[in-house]
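Student: Following this message is one structure expressed as structure tokens.
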Amino acid sequence: MQEVWSSNSLESLLSCLTGQGKSWDLEVTAPVIRKFEFFDDAAHRLYSDGTFLVKYEKEVVTALSDGRTFSWQQNKFSFAQDIEQNTVKEVISKVISIRLLDTIALLECSVHQLVWRDEEGKALLKGVVYQVGNNCLLVLKPIRGYEKANSWAVQQLTAKKFSAKNELIWQSLIRLAGYQDSPFNKIPSPKISGVEPARKAIFAMIEPMLEKARLNEDGIKRTPQDIEFLHEYRVSLRKSRSLVSLFKDVFPPRQLVSIKQEMGDLGRSTNQLRDLDVYLLEQSDYESLLPASLRAGIREMFDDFSAQHKSAKSKVKRWLSSKTYENKITKLQATFAKPDALASTDASEQQIYALVTNKLHKRYKKIAKLGSRITPETPDDEVHELRIECKKFRYLMEFFAPLYKQNKVKLLIKKLKKLQDTLGKFNDFSVQQESLNAYLLEKQPSQSVAVSVGALLGVLAQKQLEQRQQVEVKFAEFADQQTAAMVAGFFPMSAKAVTGEK
Amino acid sequence: MKIMACYSMKGGVGKTATAVNMAWFAAQSGLKTLLVDMDPQGASSFYFRVKSKKKAWGDRFFDTYKALLEHIKGSDFDNLDVIPAHLSFRHFDINLNNLEKSKKRLKRVLKGFEKEYDLVILDCPPSISLLSENIFSSADLILLPVIPTTLSERTLDQVIAFFKEAKLPAKNIVPFFSMVQRQKHMHADTMGRLRKSHKKLLKTQIPFSADIEKMGEHRAPVGEFAKSKPAFTHYRSLWSEVKDTLEV
């Protein structure tokens with residue numbers, strides 16, 4: 001950590017640091033105007049990690065959270081992958097993965113370099129002053145073997161009562177830039193204790209999900225090259241939809257139908273774009289499934305996808321900017337803001353804890369029953385049903401883990417993930433084959449493309465079969481005695497078993 | 001960490017200018033560099049404007065690397081530190097003679113810097129002695145400036161012979177032509193001859209240059225005051241070859 005000294009007057013700062021009778025001289029360079037650009041992803045993950053990525057002209061500087069700093073020259077970068085310094089690229093990729101790097105703060109400063117030299121012209125101490133209006137920040141850079149000069153400077157500054165903060169200069173500068181935390185980090189998360197009426201609790205959980213979805217709209221429209229905006233938008237909507245579906249009993253039947261319809265429409269309107277985002281992201285994976293001689297055909301198909309992708313992006317942009325969309329989403333948000341506006345049902349006023357626990361036990365029973373019926377001869381439809389039931393069970397646990405012993409619930413989710421992995425891959429391969437078949441039918445492409453797609457279909461069918469063959473084993477590994485005991489033990493029917501013990 | 005010695009049996013061949021400029025280029029390229037001025041004349045210390053502590057300390061130089069730590073001074077340039085010479089270094093041979101494992105002391109003491117520095121450059125006194133043997137056994141590369149004259153040819157052969165006799169790795173000797181004046185027949189002839197007989201000779205030649213002489217006036221590496229001049233380009237090219245040879 002550095003010491004950053006601050007002053008509201010450059011003059012008083014410098015006058016306290018001139019030699020004045022000492023055998024050294026202070027040299028101050030003419031100020032250089034620097035425009036510092038701070039980069040981060042939309043949720044400010046780098047900042048939360050304690051990492052700074054700053055650019056001025058062609059110079060890029062990074063201060064990693066472990067204390068290492070790097071600087072290099074680069075004209076521009078959009079993603080972590082574009083960073084030309086390998087260590088920094090590696091570290092930053094781990095933090096922000098495929099998210100877009102954008103400017104989160106801008107600061108124009110006058111920068112002065114300070115050097116104190118002895119009578120032979122040797123530098124004894126260096127420093128940098130950053131000036132923004134009346135605000136001055138000074139960082140001293142001691143030189144090894146010349147500690148006396150540094151101690152003297154610190155003494156002078158302390159004596160004249162200048163204040164110092166022990167933090168990175170970038171932290172000080174970003175603060176001067178008027179840094180504001182990302183709105184994504186300000187979405188309130190509701191604290192459900194378990195005794196709330198079910199509908200109130202559900203609505204309180206759905207509200208921030210819709211808010212999060214809306215927050216992603218701007219990114220989808222403006223910077224669609226960061227495909228995670230659309231992904232998070234869809235995930236937020238999907239989570240709200242599944243909460244509605246899992247707790248349909250808290251809704252009056254007529255309203256349930258219309259809410260589900262609206263939410264379904266909203267989700268479906270971005271299906272095509274998401275599919276294409278994923279295809280294009282995985283293009284090289286698909287190509288590697290085929291021998292080199294057949295890859296050209298696949299590339300032609302992907303060129304087609306790219307064209308489709310372009311128009312899908314404009315379509316979604318227009319949709320999200322439309323009055324129709326605005327009305328639909330605000331109406332939905334208004335509905336979930338007023339849980340009392342709807343007629344009550346048998347379940348809507350029950351304590352949420354009892355309702356959730358009941359559903360958890362029921363869902364697990366259903367999974368156990370469904371899965372035990374699966375053999376190699378069972379039609380694929382039943383495997384898909386099992387996948388959906390597991391998903392619902394997982395969502396229930398994830399949404400309501402805070403009501404139980406969280407570390408135990410995490411264990412159960414971890415175990416379930418292993419089964420879900422196989423079921424998920426099985427489903428992915430099946431969906432991929434469906435859409436490739438649809439592509440062949442619709443587009444009637446050239447022979448070389450058809451041959452390559454045909455080959456790809458063959459590979460995918462094979463992979464799907466491999467997953468299918470794993471289902472029985474994975475299911476048995478999941479739905480064993482231990483899991484049954486876990487479900488019975490982790491989700492006690494009486495809330496008293498859990499309250500006060502977290 | 002690699003260790004490079006700038007060495008010559010004769011004085012006045014451009015050894016210190018080379019050490020100073022190689023250190024500067026190394027630091028600029030991002031390598032954490034330490035220049036150790038072992039020559040009591042203290043020329044490279046002078047160039048970098050670093051002064052040694054007043055008290056004589058040469059007798060403790062070969063104790064442990066910790067004894068050296070307090071003498072390290074940061075240069076004016078990032079990534080470059082210097083241990084300045086002291087007049088008491090003239091007793092190095094006597095000091096070494098009184099110690100056990102007298103030929104390996106320097107290597108042992110420099111090992112301590114492995115974690116801190118990528119490259120250690122030794123500016124050596126012109127002599128052939130117990131100190132030189134220490135330098136020869138610890139260096140990964142012995143950069144040897146040669147003024148292309150008949151006498152220098154002879155000196156080069158003497159150094160190689162010394163290595164062979166003392167069972168030191170002669171392959172670490174990397175000569176290069178220094179203070180070259182192409183118009184002189186002797187220089188041209190000698191270079192032609194030596195290139196045939198000494199395969200390790202670097203391609204880069206450093207010509208005699210007023211700009212290099214001016215280092216004494218500016219008290220700085222050429223990169224600081226003569227970036228647009230040929231001297232800079234030549235040293236940069238020399239550094240490039242040295243960097244590849246050292247694999248650093």
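Residues are referred to by chain and number: the chain letter is A, B, ... according to the order shown in the structure tokens, the number counts from 1 in that chain, and ligands are numbered separately from 1 in the order shown.
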What's the 6 Å shell around Asp123 in chain B, counting only C-alpha atoms, without same-chain residues fewer than 4 positions away, as a list in words?
Tutor: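 Returned residues: Cys6, Asp37 and Met38 of chain B.
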Student: Write to file, as a PDB file, in the first residue's frame, the residues of the selection just made, with N, CA, C and O atoms.
Tutor:
```
ATOM      1  N   CYS B   6      31.416  -7.855 -17.149  1.00  0.00           N
ATOM      2  CA  CYS B   6      32.073  -7.076 -18.197  1.00  0.00           C
ATOM      3  C   CYS B   6      33.536  -7.057 -17.821  1.00  0.00           C
ATOM      4  O   CYS B   6      33.927  -6.463 -16.804  1.00  0.00           O
ATOM      5  N   ASP B  37      29.821  -2.616  -8.983  1.00  0.00           N
ATOM      6  CA  ASP B  37      31.069  -1.999  -9.429  1.00  0.00           C
ATOM      7  C   ASP B  37      32.206  -2.547  -8.577  1.00  0.00           C
ATOM      8  O   ASP B  37      32.409  -2.133  -7.434  1.00  0.00           O
ATOM      9  N   MET B  38      32.977  -3.482  -9.141  1.00  0.00           N
ATOM     10  CA  MET B  38      34.015  -4.134  -8.351  1.00  0.00           C
ATOM     11  C   MET B  38      35.386  -3.506  -8.571  1.00  0.00           C
ATOM     12  O   MET B  38      36.381  -3.950  -8.011  1.00  0.00           O
TER      13      MET B  38
END
```
Student: Mind checking which residues fall within 12 Å of Pro230 in chain B, counting only C-alpha atoms, ignoring those fewer than 4 positions away in the same chain, and posting them as a ChimeraX atom specification?
Tutor: /B:205-212,222-223,226,234-237
Student: Can those selected residues be exported to a file as a PDB file, in the first residue's frame so that it contains C-alpha atoms?
Tutor:
```pdb
ATOM      1  CA  GLN B 205      30.680  -3.801 -33.221  1.00  0.00           C
ATOM      2  CA  ILE B 206      30.924  -0.697 -31.084  1.00  0.00           C
ATOM      3  CA  PRO B 207      32.747   2.035 -32.996  1.00  0.00           C
ATOM      4  CA  PHE B 208      34.954   4.603 -31.369  1.00  0.00           C
ATOM      5  CA  SER B 209      32.557   7.428 -30.662  1.00  0.00           C
ATOM      6  CA  ALA B 210      32.684  10.917 -29.248  1.00  0.00           C
ATOM      7  CA  ASP B 211      29.187  10.386 -27.892  1.00  0.00           C
ATOM      8  CA  ILE B 212      30.395   7.468 -25.807  1.00  0.00           C
ATOM      9  CA  VAL B 222      23.904   7.073 -23.808  1.00  0.00           C
ATOM     10  CA  GLY B 223      20.185   6.298 -23.789  1.00  0.00           C
ATOM     11  CA  ALA B 226      22.094  10.508 -27.313  1.00  0.00           C
ATOM     12  CA  HIS B 234      24.953   0.068 -31.558  1.00  0.00           C
ATOM     13  CA  TYR B 235      24.585  -0.500 -27.853  1.00  0.00           C
ATOM     14  CA  ARG B 236      20.960  -1.434 -28.347  1.00  0.00           C
ATOM     15  CA  SER B 237      21.998  -4.014 -30.897  1.00  0.00           C
TER      16      SER B 237
END
```
Student: Return the neighbours of chain A among the residues of chain B, cut-off 6 Å, counting only C-alpha atoms, as a list in words.
Tutor: Arg49, Ile72, Lys73, Gly74 and Asp76 of chain B
Student: Quick one: pick out all strand (DSSP E) residues within range 161-226 of chain B from a backbone DSSP run and write them as a ChimeraX atom specification.
Tutor: /B:173-180,205-207
Student: Give me a file of those residues, with C-alpha atoms, as a PDB file, in the first residue's frame.
Tutor:
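Output below, filename again10.pdb:
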```
ATOM      1  CA  ILE B 173      33.645 -15.970 -22.963  1.00  0.00           C
ATOM      2  CA  VAL B 174      31.778 -13.753 -25.397  1.00  0.00           C
ATOM      3  CA  PRO B 175      34.050 -11.192 -27.044  1.00  0.00           C
ATOM      4  CA  PHE B 176      32.932  -8.227 -29.133  1.00  0.00           C
ATOM      5  CA  PHE B 177      34.798  -5.512 -30.995  1.00  0.00           C
ATOM      6  CA  SER B 178      35.006  -2.233 -29.122  1.00  0.00           C
ATOM      7  CA  MET B 179      36.310   1.238 -30.003  1.00  0.00           C
ATOM      8  CA  VAL B 180      36.523   0.185 -33.638  1.00  0.00           C
ATOM      9  CA  GLN B 205      30.680  -3.801 -33.221  1.00  0.00           C
ATOM     10  CA  ILE B 206      30.924  -0.697 -31.084  1.00  0.00           C
ATOM     11  CA  PRO B 207      32.747   2.035 -32.996  1.00  0.00           C
TER      12      PRO B 207
END
```
Student: Leaving out range 133-140 of chain B and any residue of its chain fewer than 6 positions from it, which residues lie within 8 Å of it when counting only C-alpha atoms, given as a list in words?
Tutor: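 In the requested format, the answer is Lys2, Ile3, Met4, Ala5, Ser102, Lys103, Lys104, Arg105, Leu106, Lys107, Leu168, Asn172 and Leu246 of chain B.
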Student: Got a sec to tell me which of range 67-114 of chain B DSSP assigns to helix (DSSP H, G or I), as an NGL selection string?
Tutor: :B and (67-69 or 87-97 or 105-111)
Student: Generate a file of the selected residues that holds C-alpha atoms, formatted as an mmCIF file, in the first residue's frame.
Tutor:
```
data_model
loop_
_atom_site.group_PDB
_atom_site.id
_atom_site.type_symbol
_atom_site.label_atom_id
_atom_site.label_comp_id
_atom_site.auth_asym_id
_atom_site.auth_seq_id
_atom_site.Cartn_x
_atom_site.Cartn_y
_atom_site.Cartn_z
ATOM 1 C CA ALA B 67 26.589 -7.779 4.102
ATOM 2 C CA LEU B 68 26.041 -6.352 0.622
ATOM 3 C CA LEU B 69 22.408 -5.374 1.104
ATOM 4 C CA LEU B 87 38.757 2.122 -2.555
ATOM 5 C CA SER B 88 39.107 -0.772 -0.088
ATOM 6 C CA PHE B 89 38.161 -3.071 -2.983
ATOM 7 C CA ARG B 90 41.827 -2.904 -3.976
ATOM 8 C CA HIS B 91 42.399 -5.514 -1.218
ATOM 9 C CA PHE B 92 39.972 -8.066 -2.688
ATOM 10 C CA ASP B 93 42.647 -10.587 -3.580
ATOM 11 C CA ILE B 94 44.108 -10.483 -0.090
ATOM 12 C CA ASN B 95 40.642 -10.760 1.467
ATOM 13 C CA LEU B 96 39.806 -13.741 -0.689
ATOM 14 C CA ASN B 97 43.085 -15.459 0.003
ATOM 15 C CA ARG B 105 33.135 -16.981 -2.651
ATOM 16 C CA LEU B 106 31.697 -14.528 -5.135
ATOM 17 C CA LYS B 107 29.290 -17.064 -6.597
ATOM 18 C CA ARG B 108 28.064 -17.966 -3.126
ATOM 19 C CA VAL B 109 27.493 -14.392 -2.123
ATOM 20 C CA LEU B 110 25.656 -13.441 -5.336
ATOM 21 C CA LYS B 111 23.306 -16.410 -5.029
#
```
Student: Would you mind telling me which residue in A:Lys165, A:Lys58, A:Lys365, A:Arg99 lies nearest to Ala42 in chain A when using only C-alpha atoms?
Tutor: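 For Ala42 in chain A, the nearest of the candidates is A:Arg99.
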Student: Find the spatial neighbours of Asp49 in chain A, counting only C-alpha atoms, within a cut-off of 10 Å - ignore same-chain residues fewer than 6 positions away - and output them as a ChimeraX atom specification.
Tutor: /A:64-66,92,95
Student: Would you output that residue set with C-alpha atoms, as a compact mmCIF listing (two decimals), in the first residue's frame?
Tutor:
```txt
# COMPACT_ATOMS: atom_id res chain seq x y z
CA LEU A 64 -3.62 -6.18 -9.12
CA SER A 65 -5.16 -7.04 -5.79
CA ASP A 66 -2.03 -8.95 -4.75
CA ILE A 92 -8.38 -10.30 -15.19
CA VAL A 95 -12.36 -12.05 -12.49
```
Student: At a cut-off of 9 Å, using only C-alpha atoms, what residues contact Tyr7 in chain B? Leave out same-chain residues fewer than 2 positions from it and give the result as a PyMOL selection string.
Tutor: chain B and resi 5+9-10+15-16+122-127+132+135+142-145
Student: Between B:His71, B:Lys214, B:Lys101, B:His86, which has the minimum distance to Pro40 in chain B (counting only C-alpha atoms)?
Tutor: B:His86
Student: Extract, using only C-alpha atoms, all DNA, RNA and protein residues at most 10 Å from Gln73 in chain A, discarding same-chain residues fewer than 4 positions from it, and format them as a list of chain:residue names.
Tutor: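 Using only C-alpha atoms, the neighbours found are A:Lys55, A:Tyr56, A:Glu57, A:Lys58, A:Glu59, A:Val60, A:Val61, A:Glu84, A:Gln85.
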Student: Would you put the residues from that selection into a file with N, CA, C and O atoms, as a PDB file, in the first residue's frame?
Tutor:
```
ATOM      1  N   LYS A  55      -6.142   3.534 -18.095  1.00  0.00           N
ATOM      2  CA  LYS A  55      -5.467   3.859 -19.351  1.00  0.00           C
ATOM      3  C   LYS A  55      -5.336   5.371 -19.499  1.00  0.00           C
ATOM      4  O   LYS A  55      -6.268   6.105 -19.151  1.00  0.00           O
ATOM      5  N   TYR A  56      -4.188   5.839 -20.010  1.00  0.00           N
ATOM      6  CA  TYR A  56      -4.070   7.235 -20.425  1.00  0.00           C
ATOM      7  C   TYR A  56      -3.233   7.273 -21.685  1.00  0.00           C
ATOM      8  O   TYR A  56      -2.164   6.702 -21.750  1.00  0.00           O
ATOM      9  N   GLU A  57      -3.732   7.896 -22.710  1.00  0.00           N
ATOM     10  CA  GLU A  57      -3.189   7.805 -24.074  1.00  0.00           C
ATOM     11  C   GLU A  57      -2.976   6.333 -24.403  1.00  0.00           C
ATOM     12  O   GLU A  57      -3.886   5.533 -24.320  1.00  0.00           O
ATOM     13  N   LYS A  58      -1.721   5.946 -24.739  1.00  0.00           N
ATOM     14  CA  LYS A  58      -1.526   4.543 -25.113  1.00  0.00           C
ATOM     15  C   LYS A  58      -0.990   3.704 -23.951  1.00  0.00           C
ATOM     16  O   LYS A  58      -0.713   2.528 -24.085  1.00  0.00           O
ATOM     17  N   GLU A  59      -0.834   4.358 -22.815  1.00  0.00           N
ATOM     18  CA  GLU A  59      -0.229   3.673 -21.675  1.00  0.00           C
ATOM     19  C   GLU A  59      -1.318   3.012 -20.820  1.00  0.00           C
ATOM     20  O   GLU A  59      -2.302   3.647 -20.461  1.00  0.00           O
ATOM     21  N   VAL A  60      -1.146   1.730 -20.526  1.00  0.00           N
ATOM     22  CA  VAL A  60      -2.111   1.033 -19.679  1.00  0.00           C
ATOM     23  C   VAL A  60      -1.411   0.590 -18.408  1.00  0.00           C
ATOM     24  O   VAL A  60      -0.291   0.100 -18.443  1.00  0.00           O
ATOM     25  N   VAL A  61      -2.081   0.792 -17.296  1.00  0.00           N
ATOM     26  CA  VAL A  61      -1.500   0.434 -16.006  1.00  0.00           C
ATOM     27  C   VAL A  61      -2.479  -0.467 -15.267  1.00  0.00           C
ATOM     28  O   VAL A  61      -3.679  -0.232 -15.305  1.00  0.00           O
ATOM     29  N   GLU A  84      -2.832  -7.220 -23.841  1.00  0.00           N
ATOM     30  CA  GLU A  84      -1.579  -7.701 -24.391  1.00  0.00           C
ATOM     31  C   GLU A  84      -0.509  -8.015 -23.365  1.00  0.00           C
ATOM     32  O   GLU A  84       0.591  -8.416 -23.712  1.00  0.00           O
ATOM     33  N   GLN A  85      -0.809  -7.839 -22.089  1.00  0.00           N
ATOM     34  CA  GLN A  85       0.145  -8.222 -21.060  1.00  0.00           C
ATOM     35  C   GLN A  85      -0.364  -9.553 -20.501  1.00  0.00           C
ATOM     36  O   GLN A  85      -1.458  -9.626 -19.932  1.00  0.00           O
TER      37      GLN A  85
END
```
Student: Write out as an MDAnalysis selection string each polymer residue whose atoms come within 9 Å of Phe77 in chain B, counting only C-alpha atoms; drop sequence neighbours fewer than 3 positions from it.
Tutor: chainID B and resid 24 27:28 74 80:81
Student: Could you check the closest approach to Lys171 in chain B for each of B:Met22, B:Leu141, B:Leu194, B:Val146 and tell me which residue wins, using only C-alpha atoms?
Tutor: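 Among the listed residues, the smallest separation from Lys171 in chain B belongs to B:Leu141.
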Student: Could you please determine the separation between CA of Met263 in chain A and CA of Ser430 in chain A in Å, to one decimal place?
Tutor: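 Spanning CA of Met263 in chain A to CA of Ser430 in chain A is a straight-line distance of 25.1 Å.
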Student: From the options B:Leu119, B:Leu151, B:Ala56, B:Val36, which residue's atoms come nearest to Ile83 in chain B, counting only C-alpha atoms?
Tutor: B:Val36
Student: Check the smallest atom-to-atom distance from each of A:Ser314, A:Arg468, A:Lys369, A:Lys392 to Val244 in chain A using only C-alpha atoms, then report the winner.
Tutor: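 For Val244 in chain A, the nearest of the candidates is A:Lys392.
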